[in-house]
file input08.csv (CSV, C-alpha atoms and all ligand atoms)
chain,number,residue,atom,x,y,z
A,1,MET,CA,-20.7,-1.2,4.6
A,2,THR,CA,-21.6,-4.2,2.6
A,3,PHE,CA,-20.3,-7.2,4.5
A,4,LYS,CA,-22.0,-10.5,4.6
A,5,ASN,CA,-22.2,-10.1,8.4
A,6,LYS,CA,-23.6,-7.3,10.5
A,7,ASN,CA,-20.4,-7.0,12.6
A,8,ALA,CA,-17.4,-7.5,10.4
A,9,LEU,CA,-14.4,-9.7,11.4
A,10,PHE,CA,-11.1,-8.7,9.9
A,11,CYS,CA,-8.0,-10.9,10.4
A,12,ALA,CA,-4.7,-9.1,11.1
A,13,LEU,CA,-2.3,-10.9,8.8
A,14,ASP,CA,0.8,-10.1,10.8
A,15,MET,CA,3.2,-12.4,8.9
A,16,ARG,CA,6.0,-12.1,6.4
A,17,SER,CA,5.6,-14.8,3.8
A,18,ILE,CA,3.4,-14.2,0.8
A,19,ASP,CA,2.6,-17.9,0.3
A,20,GLN,CA,1.8,-18.3,4.0
A,21,ALA,CA,-0.5,-15.3,4.0
A,22,VAL,CA,-2.3,-16.5,0.8
A,23,THR,CA,-2.7,-20.0,2.1
A,24,PHE,CA,-3.8,-18.8,5.5
A,25,THR,CA,-6.3,-16.3,4.2
A,26,SER,CA,-7.8,-18.9,1.8
A,27,SER,CA,-8.3,-21.4,4.6
A,28,ILE,CA,-10.4,-19.0,6.7
A,29,LYS,CA,-11.9,-16.8,4.0
A,30,ASP,CA,-15.5,-18.0,4.4
A,31,TYR,CA,-15.5,-17.0,8.1
A,32,ILE,CA,-14.0,-13.6,7.9
A,33,ASP,CA,-15.1,-10.3,6.2
A,34,GLY,CA,-11.7,-8.9,5.4
A,35,ILE,CA,-8.0,-8.9,6.1
A,36,LYS,CA,-5.8,-6.3,7.6
A,37,ILE,CA,-2.3,-5.9,6.1
A,38,GLY,CA,-0.2,-4.0,8.5
A,39,MET,CA,3.4,-2.9,8.6
A,40,GLU,CA,5.0,-6.3,9.1
A,41,ALA,CA,3.2,-7.9,6.2
A,42,PHE,CA,3.4,-4.9,3.8
A,43,TYR,CA,7.1,-4.1,4.4
A,44,SER,CA,8.1,-7.7,3.9
A,45,MET,CA,5.7,-8.8,1.1
A,46,GLY,CA,5.6,-5.5,-0.7
A,47,ILE,CA,3.1,-4.6,-3.4
A,48,ASP,CA,3.5,-8.0,-5.1
A,49,GLY,CA,2.3,-9.7,-1.9
A,50,TYR,CA,-0.5,-7.2,-1.5
A,51,LEU,CA,-1.8,-7.8,-5.0
A,52,ARG,CA,-1.7,-11.6,-4.6
A,53,LEU,CA,-3.8,-11.2,-1.5
A,54,GLN,CA,-6.2,-8.8,-3.3
A,55,ASP,CA,-6.6,-11.6,-6.0
A,56,LEU,CA,-8.5,-13.5,-3.2
A,57,ASN,CA,-11.3,-11.0,-3.6
A,58,ILE,CA,-11.5,-10.0,0.0
A,59,PRO,CA,-11.7,-6.4,1.4
A,60,ILE,CA,-8.3,-5.2,2.6
A,61,PHE,CA,-7.7,-2.8,5.5
A,62,LEU,CA,-4.2,-1.4,4.7
A,63,ASP,CA,-3.1,-0.5,8.2
A,64,LEU,CA,0.1,1.6,7.7
A,65,LYS,CA,-0.8,4.2,10.4
A,66,LEU,CA,0.5,7.2,8.6
A,67,HIS,CA,1.8,10.0,10.8
A,68,ASP,CA,3.8,12.8,9.2
A,69,ILE,CA,3.5,16.4,8.1
A,70,PRO,CA,0.3,17.1,6.1
A,71,ASN,CA,1.9,17.2,2.7
A,72,THR,CA,3.7,13.9,3.1
A,73,VAL,CA,0.6,12.1,4.4
A,74,LYS,CA,-1.5,13.5,1.6
A,75,SER,CA,1.1,12.3,-1.0
A,76,ALA,CA,1.4,8.9,0.7
A,77,ILE,CA,-2.4,8.4,0.5
A,78,LYS,CA,-2.3,9.4,-3.2
A,79,SER,CA,0.3,6.6,-3.7
A,80,LEU,CA,-1.9,4.1,-1.8
A,81,ILE,CA,-5.2,4.8,-3.6
A,82,PRO,CA,-4.3,2.9,-6.8
A,83,LEU,CA,-3.9,-0.2,-4.7
A,84,ASN,CA,-7.7,0.0,-4.1
A,85,PRO,CA,-7.8,-0.8,-0.4
A,86,PHE,CA,-11.2,-0.9,1.3
A,87,MET,CA,-9.8,1.1,4.2
A,88,ILE,CA,-6.6,3.0,5.2
A,89,ASN,CA,-5.6,4.8,8.4
A,90,VAL,CA,-3.6,7.7,9.9
A,91,HIS,CA,-2.6,8.6,13.5
A,92,ILE,CA,-5.1,11.2,14.7
A,93,SER,CA,-2.3,12.7,16.9
A,94,GLY,CA,-0.8,14.0,13.6
A,95,GLY,CA,-3.2,16.9,14.1
A,96,ALA,CA,-6.2,18.6,12.3
A,97,GLU,CA,-4.2,19.9,9.4
A,98,MET,CA,-2.8,16.5,8.7
A,99,LEU,CA,-6.2,14.9,9.0
A,100,ARG,CA,-7.8,17.4,6.6
A,101,ALA,CA,-4.9,16.8,4.1
A,102,ALA,CA,-5.6,13.0,4.3
A,103,VAL,CA,-9.3,13.5,3.7
A,104,GLY,CA,-8.5,15.9,0.8
A,105,ALA,CA,-6.3,13.2,-0.9
A,106,ILE,CA,-9.3,10.9,-0.9
A,107,HIS,CA,-11.8,13.6,-2.0
A,108,GLU,CA,-9.6,14.5,-4.9
A,109,SER,CA,-9.2,10.9,-6.0
A,110,LYS,CA,-10.8,10.1,-9.4
A,111,GLU,CA,-10.1,6.4,-8.7
A,112,SER,CA,-11.4,4.5,-5.7
A,113,LYS,CA,-12.2,6.2,-2.4
A,114,PRO,CA,-11.0,4.1,0.6
A,115,LYS,CA,-12.5,4.6,4.0
A,116,LEU,CA,-10.2,6.6,6.2
A,117,VAL,CA,-10.1,5.9,9.9
A,118,GLY,CA,-7.9,7.4,12.6
A,119,VAL,CA,-5.9,5.6,15.2
A,120,THR,CA,-6.8,7.0,18.7
A,121,ILE,CA,-4.7,5.4,21.4
A,122,LEU,CA,-3.0,2.1,20.7
A,123,THR,CA,-4.7,-0.8,22.5
A,124,SER,CA,-1.2,-1.8,23.8
A,125,MET,CA,-1.2,1.4,25.9
A,126,ASN,CA,-2.8,2.1,29.2
A,127,GLU,CA,-2.7,4.7,32.0
A,128,TYR,CA,0.9,3.7,32.9
A,129,SER,CA,2.0,4.3,29.3
A,130,PHE,CA,0.3,7.8,29.5
A,131,GLU,CA,2.1,8.6,32.8
A,132,GLU,CA,5.4,7.6,31.1
A,133,GLN,CA,4.8,10.3,28.5
A,134,GLY,CA,3.7,12.9,31.0
A,135,MET,CA,0.1,12.9,29.7
A,136,LYS,CA,-2.4,14.3,32.2
A,137,LEU,CA,-5.6,12.9,30.7
A,138,ASN,CA,-7.0,9.5,31.2
A,139,VAL,CA,-7.0,7.1,28.3
A,140,GLN,CA,-10.8,7.1,27.7
A,141,ASP,CA,-11.0,10.9,27.7
A,142,GLN,CA,-8.1,11.2,25.3
A,143,VAL,CA,-9.7,8.6,23.0
A,144,ILE,CA,-12.9,10.6,22.9
A,145,ASN,CA,-11.0,13.8,22.3
A,146,LEU,CA,-9.2,12.3,19.4
A,147,ALA,CA,-12.3,10.7,18.0
A,148,THR,CA,-14.2,14.0,18.1
A,149,LEU,CA,-11.3,15.7,16.2
A,150,ALA,CA,-11.3,12.9,13.6
A,151,ALA,CA,-15.1,13.3,13.1
A,152,ASP,CA,-14.7,17.1,12.8
A,153,CYS,CA,-12.1,16.7,10.2
A,154,GLY,CA,-14.2,14.4,8.1
A,155,LEU,CA,-12.7,10.9,8.8
A,156,ASP,CA,-15.1,7.9,8.5
A,157,GLY,CA,-14.2,6.5,11.9
A,158,VAL,CA,-11.6,5.5,14.4
A,159,VAL,CA,-9.5,2.6,15.6
A,160,CYS,CA,-10.1,2.3,19.4
A,161,SER,CA,-10.3,-0.4,22.1
A,162,PRO,CA,-13.4,-2.3,22.8
A,163,TYR,CA,-13.8,-0.3,26.0
A,164,GLU,CA,-14.2,3.0,24.2
A,165,ALA,CA,-16.3,2.0,21.1
A,166,GLY,CA,-19.7,2.8,22.8
A,167,LYS,CA,-18.6,6.2,24.0
A,168,VAL,CA,-17.2,7.0,20.5
A,169,LYS,CA,-20.5,6.1,18.9
A,170,SER,CA,-22.5,8.2,21.3
A,171,LYS,CA,-20.2,11.2,20.8
A,172,CYS,CA,-19.6,11.0,17.1
A,173,GLY,CA,-22.8,9.3,15.8
A,174,LYS,CA,-23.9,5.8,15.0
A,175,ASP,CA,-22.5,5.9,11.5
A,176,PHE,CA,-19.0,6.8,12.6
A,177,LEU,CA,-17.1,3.6,12.2
A,178,THR,CA,-15.5,1.9,15.2
A,179,VAL,CA,-12.6,-0.4,14.2
A,180,VAL,CA,-11.6,-2.5,17.2
A,181,PRO,CA,-8.5,-4.5,17.9
A,182,GLY,CA,-7.6,-5.9,21.3
A,183,ILE,CA,-10.0,-8.8,20.9
A,184,ARG,CA,-9.4,-11.9,22.9
A,185,LEU,CA,-11.5,-15.0,23.5
A,186,ASP,CA,-9.5,-15.7,26.7
A,187,LYS,CA,-8.5,-12.6,28.6
A,188,THR,CA,-5.6,-14.4,30.2
A,189,GLU,CA,-3.9,-14.5,26.8
A,190,SER,CA,-3.6,-10.8,26.0
A,191,ASP,CA,0.0,-10.8,24.5
A,192,ASP,CA,1.1,-7.1,24.4
A,193,GLN,CA,-2.5,-5.9,24.3
A,194,LYS,CA,-3.7,-4.1,27.5
A,195,ARG,CA,-7.3,-3.0,26.8
A,196,THR,CA,-8.9,-6.3,25.7
A,197,LEU,CA,-12.4,-7.7,25.6
A,198,THR,CA,-14.1,-10.8,24.0
A,199,PRO,CA,-15.8,-10.5,20.6
A,200,TYR,CA,-19.2,-10.6,22.2
A,201,GLU,CA,-18.3,-7.8,24.7
A,202,ALA,CA,-16.8,-5.7,21.9
A,203,VAL,CA,-19.9,-5.9,19.8
A,204,ARG,CA,-22.1,-5.2,22.8
A,205,ASN,CA,-19.9,-2.1,23.4
A,206,GLY,CA,-20.4,-0.7,19.9
A,207,ALA,CA,-17.6,-2.2,17.8
A,208,ASP,CA,-18.4,-2.3,14.0
A,209,ILE,CA,-15.3,-4.0,12.7
A,210,LEU,CA,-13.4,-6.4,14.9
A,211,VAL,CA,-9.7,-6.9,14.1
A,212,VAL,CA,-8.3,-10.2,15.4
A,213,GLY,CA,-4.7,-11.2,14.8
A,214,ARG,CA,-2.8,-13.7,16.9
A,215,PRO,CA,-5.8,-15.6,18.3
A,216,LEU,CA,-6.3,-16.7,14.7
A,217,THR,CA,-2.9,-16.7,13.2
A,218,LYS,CA,-1.2,-18.5,16.1
A,219,ALA,CA,-4.1,-21.0,16.6
A,220,ASN,CA,-3.5,-24.7,16.1
A,221,ASP,CA,-6.8,-24.8,14.2
A,222,PRO,CA,-7.5,-21.3,12.8
A,223,LEU,CA,-10.7,-22.3,11.1
A,224,GLU,CA,-12.2,-23.6,14.3
A,225,VAL,CA,-11.2,-20.4,16.1
A,226,ALA,CA,-12.7,-18.3,13.3
A,227,LYS,CA,-15.9,-20.2,13.7
A,228,ILE,CA,-15.9,-19.7,17.5
A,229,ILE,CA,-15.3,-16.0,17.1
A,230,ARG,CA,-18.1,-15.7,14.5
A,231,LYS,CA,-20.5,-17.5,16.9
A,232,ASN,CA,-19.3,-15.4,19.8
A,233,ILE,CA,-20.0,-12.2,17.7
A,234,ASP,CA,-23.4,-13.4,16.5
A,235,GLY,CA,-24.4,-14.3,20.0
A,236,TYR,CA,-24.9,-10.6,20.4
A,237,ALA,CA,-25.4,-9.5,16.8
A,238,ASN,CA,-28.5,-11.7,16.1
A,301,LIG,O1,-2.6,-10.1,17.4
A,301,LIG,P1,-3.6,-9.0,17.7
A,301,LIG,O2,-5.1,-9.5,17.7
A,301,LIG,O3,-3.3,-8.4,19.0
A,301,LIG,O4,-3.5,-8.0,16.6
A,301,LIG,C1,-4.1,-6.7,16.6
A,301,LIG,C2,-3.7,-6.0,15.4
A,301,LIG,O5,-4.3,-4.7,15.4
A,301,LIG,C3,-2.2,-5.8,15.1
A,301,LIG,O6,-2.0,-6.0,13.7
A,301,LIG,C4,-2.0,-4.3,15.5
A,301,LIG,O7,-1.0,-3.7,14.7
A,301,LIG,C5,-3.4,-3.7,15.2
A,301,LIG,N1,-3.7,-2.6,16.0
A,301,LIG,C6,-3.8,-2.6,17.4
A,301,LIG,N2,-4.1,-1.4,18.1
A,301,LIG,C7,-4.4,-0.3,17.5
A,301,LIG,C8,-4.3,-0.3,16.1
A,301,LIG,C9,-4.0,-1.4,15.4
A,301,LIG,O8,-3.6,-3.6,18.0
A,301,LIG,N3,-4.8,0.8,18.1

call {"tool": "encode", "arguments": {"input": "input08.csv", "output": "structure tokens", "more": "lines below"}}
Ligand code: C5P
result
Amino acid sequence: MTFKNKNALFCALDMRSIDQAVTFTSSIKDYIDGIKIGMEAFYSMGIDGYLRLQDLNIPIFLDLKLHDIPNTVKSAIKSLIPLNPFMINVHISGGAEMLRAAVGAIHESKESKPKLVGVTILTSMNEYSFEEQGMKLNVQDQVINLATLAADCGLDGVVCSPYEAGKVKSKCGKDFLTVVPGIRLDKTESDDQKRTLTPYEAVRNGADILVVGRPLTKANDPLEVAKIIRKNIDGYAN
């Protein structure tokens, strides 16, 4: 990774207006390492919005969480590669064959080769959500199982909660990327996230890329919050 900071901070741009997203990104650009464009932003702004954000010259994590049969995922990735994202993702629960097809699409690319990470268990889920689905494993064990599968299939890393990043690193190797949402400066304001920690704690636990959305996008003074998060990260990283 070639970020200006040792531990990267990506802002989740969960918003619908292109102008708002461009203005917002420009205002905090010096304090972040990249932006994450997820379903809300991509489905409403489309490729035009994506390209306007790309003009800001900042790495883009295109977070579309692909999950389908192997051939469909492979074709979808081939369609995304020309957009030149820094990183894309799939749901690991799509299975080994799907993961290998996704990796294959990137290997076969003669254009750019985005990093490919796999979503383990959403940070909005906890043991109760597992029980609801009749799952017998605990969340941590399942995250590690999925991360191991992703590593075996050749993915570059996983999306996991700050609680599991360290275990993922020790199981899958220090170069296996940990992309970590569920970051909160104040744990009492977790929104729909259930497995949250502070930026400092996340980095201490092995997070490489921190993904922060609402604490920045809903802040009265996003620039000030971005500076606080950066300081909080560097409190450990330096
Ligand atoms: O607003 P907040 O900081 O909770 O945003 C977190 C972002 O990370 C959201 O865009 C969400 O879609 C994404 N995400 C997540 N948990 C995952 C994968 C992605 O929260 N496991």

call {"tool": "residues_near_point", "arguments": {"input": "input08.csv", "point": "(2.5, 15.7, 7.2)", "cutoff": "10 Å", "atoms": "only C-alpha atoms", "output": "VMD selection string"}}
result
chain A and resid 66 to 76 94 to 95 97 to 99 101 to 102

call {"tool": "closest_residue", "arguments": {"input": "input08.csv", "among": "A:Lys29, A:Lys167, A:Arg16, A:Arg214", "to": "A:Leu185", "atoms": "only C-alpha atoms"}}
result
A:Arg214

call {"tool": "closest_atom_pairs", "arguments": {"input": "input08.csv", "of": "chain A", "to": "ligand LIG 301 (chain A)", "cutoff": "10 Å", "atoms": "only C-alpha atoms and all ligand atoms", "output": "JSON lines"}}
result
{"residue": "A:Phe10", "atom": "CA", "partner": "A:LIG301", "partner_atom": "C2", "distance": 9.6}
{"residue": "A:Cys11", "atom": "CA", "partner": "A:LIG301", "partner_atom": "O2", "distance": 8.0}
{"residue": "A:Ala12", "atom": "CA", "partner": "A:LIG301", "partner_atom": "O6", "distance": 4.9}
{"residue": "A:Leu13", "atom": "CA", "partner": "A:LIG301", "partner_atom": "O6", "distance": 6.9}
{"residue": "A:Asp14", "atom": "CA", "partner": "A:LIG301", "partner_atom": "O6", "distance": 5.7}
{"residue": "A:Met15", "atom": "CA", "partner": "A:LIG301", "partner_atom": "O6", "distance": 9.5}
{"residue": "A:Lys36", "atom": "CA", "partner": "A:LIG301", "partner_atom": "O6", "distance": 7.2}
{"residue": "A:Ile37", "atom": "CA", "partner": "A:LIG301", "partner_atom": "O6", "distance": 7.6}
{"residue": "A:Gly38", "atom": "CA", "partner": "A:LIG301", "partner_atom": "O6", "distance": 5.9}
{"residue": "A:Met39", "atom": "CA", "partner": "A:LIG301", "partner_atom": "O7", "distance": 7.6}
{"residue": "A:Glu40", "atom": "CA", "partner": "A:LIG301", "partner_atom": "O6", "distance": 8.4}
{"residue": "A:Ala41", "atom": "CA", "partner": "A:LIG301", "partner_atom": "O6", "distance": 9.3}
{"residue": "A:Asp63", "atom": "CA", "partner": "A:LIG301", "partner_atom": "C9", "distance": 7.3}
{"residue": "A:Leu64", "atom": "CA", "partner": "A:LIG301", "partner_atom": "O7", "distance": 8.8}
{"residue": "A:Lys65", "atom": "CA", "partner": "A:LIG301", "partner_atom": "C8", "distance": 8.1}
{"residue": "A:Asn89", "atom": "CA", "partner": "A:LIG301", "partner_atom": "C8", "distance": 9.3}
{"residue": "A:His91", "atom": "CA", "partner": "A:LIG301", "partner_atom": "N3", "distance": 9.3}
{"residue": "A:Gly118", "atom": "CA", "partner": "A:LIG301", "partner_atom": "N3", "distance": 9.1}
{"residue": "A:Val119", "atom": "CA", "partner": "A:LIG301", "partner_atom": "N3", "distance": 5.7}
{"residue": "A:Thr120", "atom": "CA", "partner": "A:LIG301", "partner_atom": "N3", "distance": 6.5}
{"residue": "A:Ile121", "atom": "CA", "partner": "A:LIG301", "partner_atom": "N3", "distance": 5.7}
{"residue": "A:Leu122", "atom": "CA", "partner": "A:LIG301", "partner_atom": "N3", "distance": 3.4}
{"residue": "A:Thr123", "atom": "CA", "partner": "A:LIG301", "partner_atom": "N2", "distance": 4.5}
{"residue": "A:Ser124", "atom": "CA", "partner": "A:LIG301", "partner_atom": "N2", "distance": 6.4}
{"residue": "A:Met125", "atom": "CA", "partner": "A:LIG301", "partner_atom": "N3", "distance": 8.6}
{"residue": "A:Val158", "atom": "CA", "partner": "A:LIG301", "partner_atom": "N3", "distance": 9.1}
{"residue": "A:Val159", "atom": "CA", "partner": "A:LIG301", "partner_atom": "N3", "distance": 5.6}
{"residue": "A:Cys160", "atom": "CA", "partner": "A:LIG301", "partner_atom": "N3", "distance": 5.7}
{"residue": "A:Ser161", "atom": "CA", "partner": "A:LIG301", "partner_atom": "N3", "distance": 6.9}
{"residue": "A:Val179", "atom": "CA", "partner": "A:LIG301", "partner_atom": "C8", "distance": 8.5}
{"residue": "A:Val180", "atom": "CA", "partner": "A:LIG301", "partner_atom": "C7", "distance": 7.5}
{"residue": "A:Pro181", "atom": "CA", "partner": "A:LIG301", "partner_atom": "O5", "distance": 4.9}
{"residue": "A:Gly182", "atom": "CA", "partner": "A:LIG301", "partner_atom": "O3", "distance": 5.5}
{"residue": "A:Ile183", "atom": "CA", "partner": "A:LIG301", "partner_atom": "O2", "distance": 5.9}
{"residue": "A:Arg184", "atom": "CA", "partner": "A:LIG301", "partner_atom": "O2", "distance": 7.2}
{"residue": "A:Glu189", "atom": "CA", "partner": "A:LIG301", "partner_atom": "O3", "distance": 9.9}
{"residue": "A:Ser190", "atom": "CA", "partner": "A:LIG301", "partner_atom": "O3", "distance": 7.4}
{"residue": "A:Asp191", "atom": "CA", "partner": "A:LIG301", "partner_atom": "O3", "distance": 6.8}
{"residue": "A:Asp192", "atom": "CA", "partner": "A:LIG301", "partner_atom": "O3", "distance": 7.1}
{"residue": "A:Gln193", "atom": "CA", "partner": "A:LIG301", "partner_atom": "O3", "distance": 5.9}
{"residue": "A:Lys194", "atom": "CA", "partner": "A:LIG301", "partner_atom": "O8", "distance": 9.5}
{"residue": "A:Arg195", "atom": "CA", "partner": "A:LIG301", "partner_atom": "N2", "distance": 9.4}
{"residue": "A:Thr196", "atom": "CA", "partner": "A:LIG301", "partner_atom": "O3", "distance": 9.0}
{"residue": "A:Leu210", "atom": "CA", "partner": "A:LIG301", "partner_atom": "O5", "distance": 9.3}
{"residue": "A:Val211", "atom": "CA", "partner": "A:LIG301", "partner_atom": "O5", "distance": 6.0}
{"residue": "A:Val212", "atom": "CA", "partner": "A:LIG301", "partner_atom": "O2", "distance": 4.0}
{"residue": "A:Gly213", "atom": "CA", "partner": "A:LIG301", "partner_atom": "O2", "distance": 3.4}
{"residue": "A:Arg214", "atom": "CA", "partner": "A:LIG301", "partner_atom": "O1", "distance": 3.6}
{"residue": "A:Pro215", "atom": "CA", "partner": "A:LIG301", "partner_atom": "O2", "distance": 6.2}
{"residue": "A:Leu216", "atom": "CA", "partner": "A:LIG301", "partner_atom": "O2", "distance": 7.9}
{"residue": "A:Thr217", "atom": "CA", "partner": "A:LIG301", "partner_atom": "O1", "distance": 7.8}
{"residue": "A:Lys218", "atom": "CA", "partner": "A:LIG301", "partner_atom": "O1", "distance": 8.6}

call {"tool": "closest_residue", "arguments": {"input": "input08.csv", "among": "A:Pro222, A:Ser109, A:Gly235, A:Asp55", "to": "A:Ile32", "atoms": "only C-alpha atoms"}}
result
A:Pro222

call {"tool": "atom_distance", "arguments": {"input": "input08.csv", "atom1": "atom CA of A:Phe42", "atom2": "atom CA of A:Gly154"}}
result
26.5 Å

call {"tool": "atom_distance", "arguments": {"input": "input08.csv", "atom1": "atom CA of A:Lys4", "atom2": "atom CA of A:Lys169"}}
result
22.0 Å

call {"tool": "residues_around", "arguments": {"input": "input08.csv", "residues": "A:Arg230", "least_positions_apart": "6", "cutoff": "10 Å", "atoms": "all atoms listed in the file", "output": "list of chain:residue names"}}
result
A:Asn5, A:Asn7, A:Ala8, A:Leu9, A:Tyr31, A:Ile32, A:Pro199, A:Tyr200, A:Glu224, A:Ala237

call {"tool": "atom_distance", "arguments": {"input": "input08.csv", "atom1": "atom CA of A:Val22", "atom2": "atom CA of A:Arg52"}}
result
7.3 Å

call {"tool": "closest_residue", "arguments": {"input": "input08.csv", "among": "A:Asp175, A:Asp30, A:Asp19, A:Glu164", "to": "A:Leu223", "atoms": "all atoms listed in the file"}}
result
A:Asp30

call {"tool": "closest_residue", "arguments": {"input": "input08.csv", "among": "A:Asn138, A:Asn220, A:Ser112, A:Asn232", "to": "A:Leu197", "atoms": "all atoms listed in the file"}}
result
A:Asn232

call {"tool": "residues_around", "arguments": {"input": "input08.csv", "residues": "A:Gly157", "least_positions_apart": "5", "cutoff": "7 Å", "atoms": "all atoms listed in the file", "output": "list in words"}}
result
Leu116, Val117, Gly118, Ala151, Phe176, Leu177 and Thr178 of chain A

call {"tool": "write_last_selection", "arguments": {"input": "input08.csv", "atoms": "C-alpha atoms", "output": "short mmCIF file (atom, residue, chain, number, x, y, z; two decimals), in the frame of the given file"}}
result
data_model
loop_
_atom_site.label_atom_id
_atom_site.label_comp_id
_atom_site.auth_asym_id
_atom_site.auth_seq_id
_atom_site.Cartn_x
_atom_site.Cartn_y
_atom_site.Cartn_z
CA LEU A 116 -10.20 6.60 6.20
CA VAL A 117 -10.10 5.90 9.90
CA GLY A 118 -7.90 7.40 12.60
CA ALA A 151 -15.10 13.30 13.10
CA PHE A 176 -19.00 6.80 12.60
CA LEU A 177 -17.10 3.60 12.20
CA THR A 178 -15.50 1.90 15.20
#

call {"tool": "closest_residue", "arguments": {"input": "input08.csv", "among": "A:Lys136, A:Lys171, A:Lys6, A:Lys227", "to": "A:Ser27", "atoms": "only C-alpha atoms"}}
result
A:Lys227
